[in-house]
Amino acid sequence: MSRPESDKRLIVQIAGREALPVRAIPYVTGWKLSPDAVAKNFARCAGGFPFSILENIDAFHLSSGSPVKIIPDEWTAIVVQIEALEARLNARFTDDREGYAAWRNESVPLLPAEAFVWRDEFEKNFREDFSPDRLSHTNKRAEAGELTYTPMLPDAVRDMVLEGFQGVSATTAPLPEAEEELANPQADASESDLASLFDPVSPEQLEKMFPSEGKWKTWANKAKEFGLSIARKGRNKYNPYLAAEWWLEYQPHEGWDLARCRRVLAKNLPTRSLGSERLLTGEME
């Protein structure tokens with residue numbers, strides 16, 4: 001039984017933001033980015049292109065509901081698996097067309113399930129990467145063209161692309177405009193969702209966001225003693241959302257409350273989370 005058209009868009013919602021499964025990339029780009037190109041570029045070893053593509057974005061997977069960056073070394077292992085598949089298929093098929101058809105069918109599932117990119121970041125970088133300015137005269141055929149988020153796919157292939165995302169986002173269509181205006185984005189965003197919007201920052205960056213007469217450095221040096229360790233996400237790095245909550249509770253400053261902190265945080269979102277400001281502020285853009 002085929003799905004209704006509204007269910008065929010290869011976009012999922014994560015923390016109120018549109019995301020594109022990594023397995024969808026070959027299909028939405030019309031195979032301008034094949035699985036081996038996707039894996040090689042996220043491994044930062046782009047072969048087959050005169051430039052590095054997707055170099056300004058990262059892929060993520062979900063851990064306990066929070067996005068976690070997939071590091072290049074993890075992609076290297078996937079590159080090896082795809083190259084091994086290609087070698088097996090070359091040995092199996094003498095007809096190049098049959099081998100290529102088998103490779104298209106079998107290579108996409110080697111990309112990790114539950115891996116995704118933020119749709120807005122991907123679309124922006126894809127169009128920049130394949131712009132005429134970046135392509136040599138001999139590669140004009142590689143120009144970006146159109147992206148299609150509802151490609152013609154058998155249901156089994158669509159299920160494979162969306163593997164692992166059914167529990168994350170049951171809906172793919174945006175809310176009708178009237179319903180969206182009534183929705184309270186903050187009500188649906190958990191503390192972990194909001195914290196996951198941010199990359200770890202230094203005490204100096206926290207000082208700029210939440211001025212405290214230079215005390216952030218002192219608090220960071222004795223993070224365990226002061227309790228700031230609850231926000232620590234690496235050596236001398238802290239999640240700014242969790243740090244702001246700690247600051248309000250244990251180091252209150254006159255004129256500061258949760259609403260003001262969230263407004264400041266909304267202005268300091270990393271590139272990957274731009275567009276999620278209203279999750280923090282509740283303001284409709």
# chains A, B, ... in the order shown; residues from 1 in each chain; ligands from 1
>>> residues_around(residues="Phe60 in chain A", least_positions_apart="3", cutoff="9 Å", atoms="only C-alpha atoms", output="mmCIF file with C-alpha atoms, in the first residue's frame")
data_model
loop_
_atom_site.group_PDB
_atom_site.id
_atom_site.type_symbol
_atom_site.label_atom_id
_atom_site.label_comp_id
_atom_site.auth_asym_id
_atom_site.auth_seq_id
_atom_site.Cartn_x
_atom_site.Cartn_y
_atom_site.Cartn_z
ATOM 1 C CA PRO A 67 22.264 15.553 18.752
ATOM 2 C CA VAL A 68 25.866 14.356 18.922
ATOM 3 C CA LYS A 69 28.411 15.155 16.206
ATOM 4 C CA ILE A 70 29.751 12.217 14.181
ATOM 5 C CA ILE A 71 33.509 12.730 14.044
ATOM 6 C CA GLU A 114 19.776 7.826 12.518
ATOM 7 C CA ALA A 115 22.510 10.065 11.079
ATOM 8 C CA PHE A 116 21.303 13.459 9.909
ATOM 9 C CA VAL A 117 22.253 16.970 8.866
ATOM 10 C CA TRP A 118 20.317 20.168 9.494
#
>>> residues_around(residues="Leu248 in chain A", least_positions_apart="4", cutoff="7 Å", atoms="only C-alpha atoms", output="PyMOL selection string")
chain A and resi 244+252+257
>>> write_last_selection(atoms="C-alpha atoms", output="CSV table (one decimal), in the first residue's frame")
chain,number,residue,atom,x,y,z
A,244,ALA,CA,23.2,29.9,32.5
A,252,PRO,CA,22.2,35.4,41.0
A,257,ASP,CA,16.2,36.1,35.1
>>> closest_residue(among="A:Gln251, A:Leu265, A:Phe165, A:Gly65", to="Glu213 in chain A", atoms="only C-alpha atoms")
A:Gln251
>>> select_by_dssp(residues="range 48-158 of chain A", states="strand (DSSP E or B)", output="MDAnalysis selection string")
chainID A and resid 60:63 66:69 116:118
>>> write_last_selection(atoms="C-alpha atoms", output="tab-separated table (two decimals), in the first residue's frame")
chain	number	residue	atom	x	y	z
A	60	PHE	CA	24.89	14.15	13.85
A	61	HIS	CA	23.21	11.20	15.51
A	62	LEU	CA	20.91	11.16	18.51
A	63	SER	CA	22.13	10.04	21.91
A	66	SER	CA	20.33	14.94	22.01
A	67	PRO	CA	22.26	15.55	18.75
A	68	VAL	CA	25.87	14.36	18.92
A	69	LYS	CA	28.41	15.16	16.21
A	116	PHE	CA	21.30	13.46	9.91
A	117	VAL	CA	22.25	16.97	8.87
A	118	TRP	CA	20.32	20.17	9.49
>>> closest_residue(among="A:Leu110, A:Leu153, A:Ala220, A:Leu242", to="Glu204 in chain A", atoms="only C-alpha atoms")
A:Ala220
>>> residues_around(residues="Ile78 in chain A", least_positions_apart="4", cutoff="9 Å", atoms="only C-alpha atoms", output="count of residues only")
10
>>> residues_around(residues="range 193-200 of chain A", least_positions_apart="5", cutoff="12 Å", atoms="only C-alpha atoms", output="PyMOL selection string")
chain A and resi 14-17+60-69+118+185-188+205-206+230-245+262+265-281
>>> residues_around(residues="Arg104 in chain A", least_positions_apart="4", cutoff="9 Å", atoms="only C-alpha atoms", output="number ranges by chain")
A: 34-35, 99-100, 108
>>> write_last_selection(atoms="N, CA and C atoms", output="compact mmCIF listing (two decimals), in the first residue's frame")
# COMPACT_ATOMS: atom_id res chain seq x y z
N SER A 34 26.74 10.79 -4.15
CA SER A 34 26.53 9.36 -3.94
C SER A 34 26.99 8.98 -2.54
N PRO A 35 26.64 7.78 -2.06
CA PRO A 35 27.02 7.40 -0.70
C PRO A 35 28.50 7.48 -0.43
N GLY A 99 26.32 -3.96 -12.41
CA GLY A 99 27.12 -3.67 -11.21
C GLY A 99 26.75 -2.33 -10.60
N TYR A 100 26.52 -1.33 -11.45
CA TYR A 100 26.16 -0.01 -10.93
C TYR A 100 24.79 -0.04 -10.28
N VAL A 108 23.69 2.66 -0.18
CA VAL A 108 23.03 3.61 0.72
C VAL A 108 22.83 3.04 2.12
>>> residues_around(residues="Glu146 in chain A", least_positions_apart="3", cutoff="9 Å", atoms="only C-alpha atoms", output="ChimeraX atom specification")
/A:28-30
>>> write_last_selection(atoms="N, CA and C atoms", output="PDB file, in the first residue's frame")
ATOM      1  N   VAL A  28      17.863  13.035  -2.647  1.00  0.00           N
ATOM      2  CA  VAL A  28      17.384  14.419  -2.783  1.00  0.00           C
ATOM      3  C   VAL A  28      18.278  15.222  -3.722  1.00  0.00           C
ATOM      4  N   THR A  29      19.527  14.778  -3.917  1.00  0.00           N
ATOM      5  CA  THR A  29      20.442  15.487  -4.823  1.00  0.00           C
ATOM      6  C   THR A  29      20.464  14.881  -6.222  1.00  0.00           C
ATOM      7  N   GLY A  30      19.603  13.895  -6.477  1.00  0.00           N
ATOM      8  CA  GLY A  30      19.627  13.251  -7.773  1.00  0.00           C
ATOM      9  C   GLY A  30      20.936  12.515  -8.018  1.00  0.00           C
TER      10      GLY A  30
END
>>> closest_residue(among="A:Lys32, A:Phe226, A:Tyr149, A:Val80", to="Phe130 in chain A", atoms="only C-alpha atoms")
A:Lys32
>>> atom_distance(atom1="CA of Trp75 in chain A", atom2="CA of Ala113 in chain A")
12.7 Å
